file model03.tsv (TSV, C-alpha atoms)
chain	number	residue	atom	x	y	z
A	1	MET	CA	17.40	50.73	2.43
A	2	THR	CA	16.73	47.09	1.65
A	3	ILE	CA	18.60	44.38	3.52
A	4	LEU	CA	20.26	41.54	1.63
A	5	VAL	CA	19.61	38.31	3.52
A	6	ASN	CA	20.82	34.81	2.79
A	7	ALA	CA	18.63	32.15	4.37
A	8	TYR	CA	19.88	28.59	4.91
A	9	CYS	CA	16.84	26.35	5.42
A	10	THR	CA	16.77	22.72	6.55
A	11	THR	CA	13.15	21.84	5.79
A	12	ARG	CA	12.53	19.57	2.81
A	13	GLU	CA	9.65	21.82	1.66
A	14	LEU	CA	9.90	25.59	1.85
A	15	PRO	CA	6.96	27.44	3.37
A	16	PRO	CA	5.38	30.04	1.06
A	17	LEU	CA	7.31	33.29	0.80
A	18	ASP	CA	4.33	35.19	2.18
A	19	PHE	CA	6.04	38.48	3.05
A	20	PRO	CA	7.17	41.44	0.90
A	21	HIS	CA	10.56	40.68	-0.64
A	22	SER	CA	12.59	40.60	-3.82
A	23	LEU	CA	14.01	37.15	-4.55
A	24	THR	CA	17.53	37.18	-5.97
A	25	SER	CA	18.23	33.44	-6.07
A	26	LEU	CA	16.84	30.15	-4.81
A	27	ARG	CA	18.52	26.78	-5.05
A	28	ASP	CA	18.23	23.37	-3.51
A	29	LEU	CA	20.34	20.22	-3.44
A	30	ASN	CA	19.54	19.56	-7.10
A	31	ASP	CA	21.97	22.39	-7.82
A	32	ALA	CA	25.37	20.69	-8.04
A	33	GLU	CA	27.13	23.79	-6.71
A	34	LEU	CA	25.15	24.05	-3.45
A	35	PRO	CA	26.98	21.28	-1.50
A	36	GLU	CA	30.32	22.93	-2.29
A	37	HIS	CA	28.93	26.30	-1.20
A	38	LEU	CA	27.67	24.79	2.07
A	39	ASP	CA	31.07	23.24	2.75
A	40	GLY	CA	32.61	26.66	2.26
A	41	PHE	CA	30.06	28.31	4.51
A	42	ALA	CA	30.68	25.69	7.21
A	43	GLY	CA	34.39	26.50	6.89
A	44	TYR	CA	33.58	30.18	7.39
A	45	VAL	CA	31.75	29.35	10.63
A	46	ALA	CA	34.60	27.14	11.84
A	47	SER	CA	37.16	29.89	11.20
A	48	ARG	CA	35.39	32.52	13.34
A	49	GLY	CA	37.42	31.58	16.41
A	50	GLU	CA	40.60	29.82	17.40
A	51	VAL	CA	38.84	27.23	19.54
A	52	MET	CA	35.77	25.32	18.38
A	53	THR	CA	32.80	26.09	20.62
A	54	GLN	CA	29.64	24.07	21.13
A	55	ASN	CA	27.62	26.92	19.59
A	56	ARG	CA	29.66	27.09	16.36
A	57	TYR	CA	29.72	23.31	16.14
A	58	HIS	CA	25.91	23.20	16.13
A	59	VAL	CA	25.72	26.04	13.58
A	60	ILE	CA	28.02	23.97	11.35
A	61	ARG	CA	25.78	20.93	11.83
A	62	HIS	CA	22.82	23.08	10.75
A	63	VAL	CA	24.66	24.32	7.64
A	64	LEU	CA	25.59	20.81	6.57
A	65	ARG	CA	21.95	19.68	6.62
A	66	VAL	CA	20.63	22.70	4.65
A	67	GLN	CA	18.29	21.77	1.81
A	68	HIS	CA	17.48	25.25	0.42
A	69	HIS	CA	19.53	28.44	0.09
A	70	LEU	CA	17.74	31.69	-0.71
A	71	SER	CA	19.13	35.16	-1.31
A	72	LEU	CA	16.57	37.97	-1.08
A	73	GLN	CA	16.12	41.67	-0.48
A	74	VAL	CA	13.83	42.68	2.39
A	75	GLU	CA	12.82	46.15	3.55
A	76	PRO	CA	13.61	46.82	7.24
A	77	GLU	CA	9.92	47.21	8.11
A	78	HIS	CA	9.24	43.67	6.84
A	79	MET	CA	12.03	41.91	8.75
A	80	ASP	CA	9.61	40.72	11.45
A	81	ASP	CA	7.54	39.00	8.76
A	82	PHE	CA	10.72	37.50	7.34
A	83	ALA	CA	11.65	36.25	10.83
A	84	GLY	CA	8.36	34.35	11.09
A	85	TRP	CA	8.99	32.73	7.71
A	86	ALA	CA	12.61	31.89	8.66
A	87	SER	CA	11.36	30.15	11.79
A	88	ARG	CA	8.95	28.00	9.75
A	89	ALA	CA	11.74	27.22	7.26
A	90	ASN	CA	14.14	26.43	10.13
A	91	ALA	CA	16.72	28.81	8.73
A	92	VAL	CA	19.85	30.51	9.90
A	93	VAL	CA	20.44	33.89	8.28
A	94	PHE	CA	23.66	35.42	6.94
A	95	LEU	CA	23.76	39.22	6.72
A	96	PRO	CA	26.16	41.57	4.88
A	97	ASP	CA	27.84	42.51	8.18
A	98	GLY	CA	29.20	38.95	8.36
A	99	THR	CA	26.93	37.83	11.19
A	100	ILE	CA	25.00	34.58	11.23
A	101	ARG	CA	21.69	34.93	13.05
A	102	ASP	CA	18.85	32.81	14.28
A	103	PRO	CA	15.36	33.45	12.83
A	104	ALA	CA	14.60	36.07	15.50
A	105	GLY	CA	17.73	38.03	14.58
A	106	ALA	CA	19.96	37.14	17.56
A	107	VAL	CA	23.59	36.66	16.53
A	108	LEU	CA	24.81	33.08	16.61
A	109	VAL	CA	28.22	33.79	15.06
A	110	TYR	CA	30.05	37.10	14.78
A	111	PRO	CA	32.66	37.71	12.04
A	112	THR	CA	35.26	38.09	14.77
A	113	ASP	CA	35.93	35.84	17.75
A	114	VAL	CA	33.11	37.26	19.88
A	115	GLU	CA	30.69	35.33	22.08
A	116	PRO	CA	27.20	34.85	20.55
A	117	ASP	CA	24.23	36.81	21.84
A	118	GLY	CA	22.95	35.36	25.09
A	119	ASP	CA	19.49	34.64	23.67
A	120	ALA	CA	20.68	33.24	20.31
A	121	GLN	CA	19.49	29.69	19.57
A	122	VAL	CA	20.38	27.37	16.70
A	123	PRO	CA	16.93	26.68	15.23
A	124	PHE	CA	15.17	23.34	15.36
A	125	PRO	CA	11.56	22.59	14.34
A	126	GLN	CA	8.92	22.61	17.08
A	127	ASP	CA	8.31	18.87	16.82
A	128	ALA	CA	12.02	18.28	17.42
A	129	HIS	CA	11.88	20.38	20.60
A	130	ALA	CA	8.84	18.38	21.73
A	131	ARG	CA	10.72	15.11	21.25
A	132	LYS	CA	13.64	16.39	23.27
A	133	ALA	CA	11.31	17.42	26.09
A	134	ALA	CA	9.68	13.96	26.09
A	135	SER	CA	13.09	12.26	26.12
A	136	MET	CA	14.29	14.39	29.02
A	137	GLU	CA	11.14	13.61	31.00
A	138	ARG	CA	11.62	9.89	30.41
A	139	LEU	CA	15.30	10.08	31.37
A	140	GLU	CA	14.45	11.92	34.57
A	141	ALA	CA	12.01	9.16	35.50
A	142	LEU	CA	14.80	6.62	34.89
A	143	GLU	CA	17.22	8.73	36.96
A	144	ILE	CA	19.65	8.98	34.03
A	145	GLU	CA	21.34	12.38	33.92
A	146	VAL	CA	21.96	13.91	30.50
A	147	ALA	CA	23.28	17.37	29.66
A	148	PRO	CA	20.27	19.63	28.96
A	149	SER	CA	22.39	21.49	26.38
A	150	LEU	CA	22.35	18.46	24.07
A	151	PRO	CA	20.19	19.66	21.15
A	152	PRO	CA	17.16	17.95	19.60
A	153	VAL	CA	17.50	15.67	16.59
A	154	LEU	CA	15.84	16.45	13.26
A	155	GLY	CA	12.19	17.31	12.78
A	156	VAL	CA	9.85	15.27	10.58
A	157	GLY	CA	9.88	18.03	7.97
A	158	GLU	CA	13.66	17.75	7.62
A	159	VAL	CA	14.17	14.02	7.30
A	160	GLU	CA	13.92	11.59	4.40
A	161	LEU	CA	13.99	8.01	5.65
A	162	ARG	CA	15.54	5.10	3.81
A	163	GLN	CA	13.16	3.23	1.55
A	164	PRO	CA	11.52	0.18	3.22
A	165	ILE	CA	13.00	-2.22	0.65
A	166	ASP	CA	16.50	-0.87	1.36
A	167	VAL	CA	15.96	-1.30	5.10
A	168	ALA	CA	14.78	-4.87	4.55
A	169	ARG	CA	17.86	-5.65	2.44
A	170	ARG	CA	20.10	-4.10	5.07
A	171	ALA	CA	18.45	-6.31	7.68
A	172	PHE	CA	19.19	-9.44	5.63
A	173	GLY	CA	22.79	-8.30	5.14
A	174	LEU	CA	23.29	-7.71	8.86
A	175	CYS	CA	21.80	-11.11	9.63
A	176	VAL	CA	24.35	-12.81	7.36
A	177	VAL	CA	27.28	-10.88	8.79
A	178	ALA	CA	26.32	-11.35	12.45
A	179	ASN	CA	25.52	-15.04	11.93
A	180	ARG	CA	28.91	-15.64	10.31
A	181	ALA	CA	30.67	-13.70	13.09
A	182	GLU	CA	28.83	-15.61	15.80
A	183	SER	CA	29.90	-18.93	14.30
A	184	LEU	CA	33.53	-17.74	14.07
A	185	ASN	CA	33.36	-16.57	17.67
A	186	HIS	CA	32.23	-20.05	18.73
A	187	GLY	CA	34.99	-21.75	16.75
A	188	ALA	CA	32.58	-23.44	14.32
A	189	PRO	CA	32.50	-21.21	11.20
A	190	LEU	CA	29.40	-21.49	9.05
A	191	PRO	CA	30.40	-21.99	5.39
A	192	LEU	CA	29.49	-19.08	3.14
A	193	GLU	CA	27.63	-21.49	0.89
A	194	THR	CA	25.34	-22.40	3.77
A	195	LEU	CA	24.72	-18.75	4.60
A	196	ARG	CA	24.03	-17.97	0.95
A	197	GLU	CA	21.45	-20.74	0.78
A	198	GLN	CA	19.77	-19.51	3.97
A	199	ALA	CA	19.68	-15.81	3.07
A	200	PRO	CA	20.53	-15.09	-0.58
A	201	GLN	CA	19.01	-11.59	-0.20
A	202	GLY	CA	21.65	-10.75	2.38
A	203	PHE	CA	24.51	-11.25	-0.05
A	204	LEU	CA	22.93	-8.71	-2.41
A	205	ALA	CA	23.01	-5.98	0.22
A	206	LEU	CA	26.48	-6.25	1.76
A	207	SER	CA	28.55	-3.14	2.29
A	208	PRO	CA	32.18	-3.10	1.07
A	209	ARG	CA	33.46	-3.67	4.62
A	210	GLU	CA	31.04	-6.54	5.15
A	211	THR	CA	32.03	-8.11	1.83
A	212	ALA	CA	35.69	-8.01	2.87
A	213	PHE	CA	34.83	-9.49	6.26
A	214	LEU	CA	33.00	-12.44	4.73
A	215	ALA	CA	35.78	-13.01	2.20
A	216	ALA	CA	38.52	-13.12	4.83
A	217	ALA	CA	39.78	-16.59	5.67
A	218	ALA	CA	40.84	-15.43	9.14
A	219	PRO	CA	39.16	-12.13	10.03
A	220	ASP	CA	40.66	-9.89	12.68
A	221	PRO	CA	39.27	-10.99	16.09
A	222	GLN	CA	38.13	-7.44	16.85
A	223	GLU	CA	36.23	-7.36	13.56
A	224	VAL	CA	34.55	-10.63	14.53
A	225	VAL	CA	33.42	-9.22	17.87
A	226	GLN	CA	32.20	-6.00	16.25
A	227	SER	CA	30.24	-8.00	13.68
A	228	VAL	CA	28.52	-10.08	16.37
A	229	TRP	CA	27.30	-6.80	17.90
A	230	ARG	CA	25.52	-6.10	14.61
A	231	TYR	CA	22.70	-8.29	15.91
A	232	GLU	CA	21.71	-5.23	17.97
A	233	ALA	CA	21.58	-3.01	14.88
A	234	LEU	CA	19.51	-5.73	13.20
A	235	PHE	CA	17.09	-5.77	16.15
A	236	LEU	CA	16.63	-2.01	15.76
A	237	LEU	CA	15.89	-2.41	12.04
A	238	GLN	CA	13.42	-5.19	12.83
A	239	TRP	CA	11.64	-2.80	15.16
A	240	ALA	CA	11.67	-0.08	12.48
A	241	LEU	CA	10.19	-2.57	10.01
A	242	GLY	CA	7.42	-3.46	12.45
A	243	LEU	CA	8.61	-7.03	13.07
A	244	THR	CA	8.58	-6.43	16.82
A	245	ASP	CA	6.36	-4.08	18.78
A	246	GLU	CA	8.68	-3.10	21.60
A	247	LEU	CA	11.99	-1.31	21.72
A	248	PRO	CA	12.94	-2.00	25.33
A	249	LEU	CA	15.46	0.01	27.30
A	250	PRO	CA	18.91	-1.08	26.01
A	251	THR	CA	20.07	-2.84	29.15
A	252	GLU	CA	20.43	-6.36	27.74
A	253	ILE	CA	21.45	-7.95	24.46
A	254	CYS	CA	18.65	-9.03	22.15
A	255	ASP	CA	17.16	-12.52	21.91
A	256	VAL	CA	19.15	-13.85	18.96
A	257	PRO	CA	17.08	-17.01	18.29
A	258	ALA	CA	13.91	-14.87	18.24
A	259	LEU	CA	15.65	-12.45	15.90
A	260	HIS	CA	16.48	-15.27	13.46
A	261	GLU	CA	12.92	-16.59	13.68
A	262	ARG	CA	11.52	-13.20	12.72
A	263	MET	CA	13.83	-13.07	9.72
A	264	ARG	CA	12.67	-16.52	8.60
A	265	THR	CA	8.95	-15.89	8.98
A	266	SER	CA	8.66	-12.27	7.87
A	267	GLU	CA	7.49	-11.03	4.50
A	268	LEU	CA	10.38	-8.59	4.13
A	269	SER	CA	11.29	-9.85	0.69
A	270	SER	CA	7.91	-8.97	-0.80
A	271	ALA	CA	6.19	-6.20	1.13
A	272	PRO	CA	8.29	-4.40	3.74
A	273	SER	CA	6.89	-1.35	5.50
A	274	LEU	CA	8.51	1.17	7.80
A	275	ARG	CA	7.40	2.91	10.97
A	276	SER	CA	6.62	6.60	10.71
A	277	ALA	CA	9.32	9.26	10.75
A	278	ASP	CA	7.86	10.49	14.04
A	279	GLU	CA	8.37	7.11	15.73
A	280	ILE	CA	11.88	6.69	14.36
A	281	LEU	CA	12.95	10.22	15.33
A	282	THR	CA	11.49	9.73	18.82
A	283	ALA	CA	13.63	6.61	19.21
A	284	LEU	CA	16.66	8.43	17.84
A	285	ASP	CA	16.32	11.42	20.17
A	286	PHE	CA	16.12	9.12	23.18
A	287	HIS	CA	19.06	6.93	22.11
A	288	VAL	CA	21.30	9.90	21.31
A	289	ARG	CA	20.86	11.00	24.92
A	290	LEU	CA	21.45	7.48	26.23
A	291	HIS	CA	24.62	7.34	24.14
A	292	TRP	CA	25.78	10.64	25.65
A	293	ALA	CA	25.13	9.23	29.13
A	294	VAL	CA	27.17	6.05	28.62
A	295	ARG	CA	30.03	7.98	27.00
A	296	GLN	CA	30.08	10.46	29.86
A	297	ALA	CA	30.10	7.60	32.37
A	298	ARG	CA	33.13	6.11	30.62
A	299	LEU	CA	34.92	9.47	30.73
A	300	ASP	CA	34.11	9.73	34.43
A	301	GLU	CA	35.28	6.13	34.94
A	302	LYS	CA	31.87	5.13	36.25
A	303	ASP	CA	29.49	2.29	35.46
A	304	PRO	CA	26.88	3.07	32.78
A	305	PRO	CA	23.79	4.63	34.35
A	306	GLY	CA	20.55	2.71	34.55
A	307	ASN	CA	22.32	-0.60	33.80
A	308	LEU	CA	22.61	0.51	30.17
A	309	SER	CA	24.62	-1.68	27.81
A	310	PRO	CA	27.02	0.62	25.89
A	311	GLY	CA	27.28	-1.85	23.01
A	312	VAL	CA	23.52	-2.08	22.57
A	313	VAL	CA	23.15	1.70	22.75
A	314	LEU	CA	25.88	2.23	20.15
A	315	GLU	CA	24.44	-0.25	17.66
A	316	ARG	CA	20.93	1.17	17.95
A	317	HIS	CA	22.21	4.73	17.50
A	318	TYR	CA	24.22	3.59	14.46
A	319	ALA	CA	21.22	1.94	12.82
A	320	LEU	CA	18.95	4.90	13.57
A	321	ASN	CA	21.43	7.36	12.04
A	322	TRP	CA	21.59	5.20	8.92
A	323	LEU	CA	17.78	5.10	8.77
A	324	ILE	CA	17.49	8.91	8.75
A	325	ARG	CA	20.39	9.30	6.27
A	326	PHE	CA	22.51	11.17	8.81
A	327	GLU	CA	25.12	13.13	6.85
A	328	ASP	CA	23.90	11.09	3.86
A	329	ALA	CA	26.40	8.40	4.83
A	330	GLU	CA	26.27	4.83	3.63
A	331	TRP	CA	26.45	1.99	6.14
A	332	ASP	CA	30.22	1.71	6.58
A	333	GLU	CA	30.64	5.48	7.07
A	334	VAL	CA	27.82	6.21	9.54
A	335	ASP	CA	28.87	8.52	12.39
A	336	VAL	CA	27.30	8.58	15.86
A	337	PRO	CA	28.25	11.91	17.48
A	338	THR	CA	26.67	13.00	20.72

call {"tool": "encode", "arguments": {"input": "model03.tsv", "output": "structure tokens"}}
result
Amino acid sequence: MTILVNAYCTTRELPPLDFPHSLTSLRDLNDAELPEHLDGFAGYVASRGEVMTQNRYHVIRHVLRVQHHLSLQVEPEHMDDFAGWASRANAVVFLPDGTIRDPAGAVLVYPTDVEPDGDAQVPFPQDAHARKAASMERLEALEIEVAPSLPPVLGVGEVELRQPIDVARRAFGLCVVANRAESLNHGAPLPLETLREQAPQGFLALSPRETAFLAAAAPDPQEVVQSVWRYEALFLLQWALGLTDELPLPTEICDVPALHERMRTSELSSAPSLRSADEILTALDFHVRLHWAVRQARLDEKDPPGNLSPGVVLERHYALNWLIRFEDAEWDEVDVPT
């Protein structure tokens, strides 16, 4: 008897369907109905227990980054071949019995409130696992403790980075906002006309929240402080654009005069380029774990480990999540979960 399997794959490109099967349907994010289906499927996962568990949370995160959904019939004797393909496609599998399984067939989510199989693992690409291992080794050397259960970030085959020109425009926008906030913080506000003359590109790339901030005659003091911190997000984008070689440990605020000088002397307006997805994901994996460490220290009412600056860590994580299109969110809506 054939088995009906639904595979939810996160890779941008599907590996060849090189095993015996009968394909019933295949759709990607160009199908307008798939996002609604994925939301419904995520709801199904969430409803499989009264209390949200870490396991179901990470299954939901997988579902919400799915790029291909396949429904196919597979003979039982070919399920091992299917499992190999599902691993390469980074898929979770939904079976007619209501279970959600990892590529090897271990149950991640049962239809009733039952603990997952002990060996079940939410799938991540091999390069993502390698980045996590490298991050953990680096953190150990720094004597910064991070929960080993924190999963990897995306693999190169899953991510689509922002376009270099959009990153450059975002950098100019952040420079305008942070510069204005800094001047307000010092009690000597720079006129918008002056800022527009200095960086006209920045005014073309403002987010709705940034536009409102610049238009406000007397912005909320907390908004001013938050906007000054955007210098740290700008520094991260400068690194991503190759304007600076190093991304030092986030223990100190960036050199603001040097940051402004790089904006003045760069060729971002004409020919921006971006670091590789591998470099950006490596930075993201490391900073997600740093962010977890500083949040845990706050919960434990302790000082941040390794002299980390929580504000710098947050802004870098924010900018990195925007770069990789995390949850496909625009700048004002970027989330930074750990």

call {"tool": "closest_residue", "arguments": {"input": "model03.tsv", "among": "A:Ala86, A:Ala168, A:Met263, A:Ile253", "to": "A:His69", "atoms": "only C-alpha atoms"}}
result
A:Ala86

call {"tool": "atom_distance", "arguments": {"input": "model03.tsv", "atom1": "atom CA of A:Glu75", "atom2": "atom CA of A:Leu23"}}
result
12.2 Å

call {"tool": "closest_residue", "arguments": {"input": "model03.tsv", "among": "A:Ser273, A:Gln121, A:Thr251, A:Thr211", "to": "A:Val167", "atoms": "all atoms listed in the file"}}
result
A:Ser273

call {"tool": "residues_near_point", "arguments": {"input": "model03.tsv", "point": "(31.6, -12.9, 17.4)", "cutoff": "10 Å", "atoms": "all atoms listed in the file", "output": "PDB file with C-alpha atoms, keeping the file's coordinate frame"}}
result
ATOM      1  CA  VAL A 177      27.280 -10.880   8.790  1.00  0.00           C
ATOM      2  CA  ALA A 178      26.320 -11.350  12.450  1.00  0.00           C
ATOM      3  CA  ASN A 179      25.520 -15.040  11.930  1.00  0.00           C
ATOM      4  CA  ARG A 180      28.910 -15.640  10.310  1.00  0.00           C
ATOM      5  CA  ALA A 181      30.670 -13.700  13.090  1.00  0.00           C
ATOM      6  CA  GLU A 182      28.830 -15.610  15.800  1.00  0.00           C
ATOM      7  CA  SER A 183      29.900 -18.930  14.300  1.00  0.00           C
ATOM      8  CA  LEU A 184      33.530 -17.740  14.070  1.00  0.00           C
ATOM      9  CA  ASN A 185      33.360 -16.570  17.670  1.00  0.00           C
ATOM     10  CA  HIS A 186      32.230 -20.050  18.730  1.00  0.00           C
ATOM     11  CA  GLY A 187      34.990 -21.750  16.750  1.00  0.00           C
ATOM     12  CA  PRO A 221      39.270 -10.990  16.090  1.00  0.00           C
ATOM     13  CA  GLN A 222      38.130  -7.440  16.850  1.00  0.00           C
ATOM     14  CA  GLU A 223      36.230  -7.360  13.560  1.00  0.00           C
ATOM     15  CA  VAL A 224      34.550 -10.630  14.530  1.00  0.00           C
ATOM     16  CA  VAL A 225      33.420  -9.220  17.870  1.00  0.00           C
ATOM     17  CA  GLN A 226      32.200  -6.000  16.250  1.00  0.00           C
ATOM     18  CA  SER A 227      30.240  -8.000  13.680  1.00  0.00           C
ATOM     19  CA  VAL A 228      28.520 -10.080  16.370  1.00  0.00           C
ATOM     20  CA  TRP A 229      27.300  -6.800  17.900  1.00  0.00           C
ATOM     21  CA  ARG A 230      25.520  -6.100  14.610  1.00  0.00           C
TER      22      ARG A 230
END

call {"tool": "closest_residue", "arguments": {"input": "model03.tsv", "among": "A:Arg275, A:Arg162, A:His287, A:Arg295", "to": "A:Ile324", "atoms": "all atoms listed in the file"}}
result
A:Arg162

call {"tool": "residues_near_point", "arguments": {"input": "model03.tsv", "point": "(26.9, -6.6, 28.7)", "cutoff": "10 Å", "atoms": "only C-alpha atoms", "output": "list in words"}}
result
Thr251, Glu252, Ile253, Asn307, Leu308, Ser309, Pro310, Gly311 and Val312 of chain A

call {"tool": "residues_around", "arguments": {"input": "model03.tsv", "residues": "stretch 98-109 of chain A", "least_positions_apart": "4", "cutoff": "8 Å", "atoms": "all atoms listed in the file", "output": "PDB file with C-alpha atoms, keeping the file's coordinate frame"}}
result
ATOM      1  CA  VAL A  45      31.750  29.350  10.630  1.00  0.00           C
ATOM      2  CA  ARG A  48      35.390  32.520  13.340  1.00  0.00           C
ATOM      3  CA  ASN A  55      27.620  26.920  19.590  1.00  0.00           C
ATOM      4  CA  ARG A  56      29.660  27.090  16.360  1.00  0.00           C
ATOM      5  CA  VAL A  59      25.720  26.040  13.580  1.00  0.00           C
ATOM      6  CA  ASP A  80       9.610  40.720  11.450  1.00  0.00           C
ATOM      7  CA  ALA A  83      11.650  36.250  10.830  1.00  0.00           C
ATOM      8  CA  GLY A  84       8.360  34.350  11.090  1.00  0.00           C
ATOM      9  CA  ALA A  86      12.610  31.890   8.660  1.00  0.00           C
ATOM     10  CA  SER A  87      11.360  30.150  11.790  1.00  0.00           C
ATOM     11  CA  ASN A  90      14.140  26.430  10.130  1.00  0.00           C
ATOM     12  CA  ALA A  91      16.720  28.810   8.730  1.00  0.00           C
ATOM     13  CA  VAL A  92      19.850  30.510   9.900  1.00  0.00           C
ATOM     14  CA  VAL A  93      20.440  33.890   8.280  1.00  0.00           C
ATOM     15  CA  PHE A  94      23.660  35.420   6.940  1.00  0.00           C
ATOM     16  CA  VAL A 114      33.110  37.260  19.880  1.00  0.00           C
ATOM     17  CA  GLU A 115      30.690  35.330  22.080  1.00  0.00           C
ATOM     18  CA  PRO A 116      27.200  34.850  20.550  1.00  0.00           C
ATOM     19  CA  ASP A 117      24.230  36.810  21.840  1.00  0.00           C
ATOM     20  CA  ASP A 119      19.490  34.640  23.670  1.00  0.00           C
ATOM     21  CA  ALA A 120      20.680  33.240  20.310  1.00  0.00           C
ATOM     22  CA  GLN A 121      19.490  29.690  19.570  1.00  0.00           C
ATOM     23  CA  VAL A 122      20.380  27.370  16.700  1.00  0.00           C
ATOM     24  CA  PRO A 123      16.930  26.680  15.230  1.00  0.00           C
TER      25      PRO A 123
END

call {"tool": "closest_residue", "arguments": {"input": "model03.tsv", "among": "A:Thr53, A:Thr282, A:Trp331, A:Glu193", "to": "A:Leu174", "atoms": "only C-alpha atoms"}}
result
A:Trp331

call {"tool": "closest_residue", "arguments": {"input": "model03.tsv", "among": "A:Ser149, A:Ser276, A:Thr265, A:Ser71", "to": "A:Trp292", "atoms": "all atoms listed in the file"}}
result
A:Ser149

call {"tool": "atom_distance", "arguments": {"input": "model03.tsv", "atom1": "atom CA of A:Arg138", "atom2": "atom CA of A:Leu259"}}
result
26.9 Å

call {"tool": "closest_residue", "arguments": {"input": "model03.tsv", "among": "A:Pro189, A:Leu281, A:Gly173, A:Ser25", "to": "A:Ala218", "atoms": "only C-alpha atoms"}}
result
A:Pro189

call {"tool": "atom_distance", "arguments": {"input": "model03.tsv", "atom1": "atom CA of A:Leu241", "atom2": "atom CA of A:Leu274"}}
result
4.7 Å
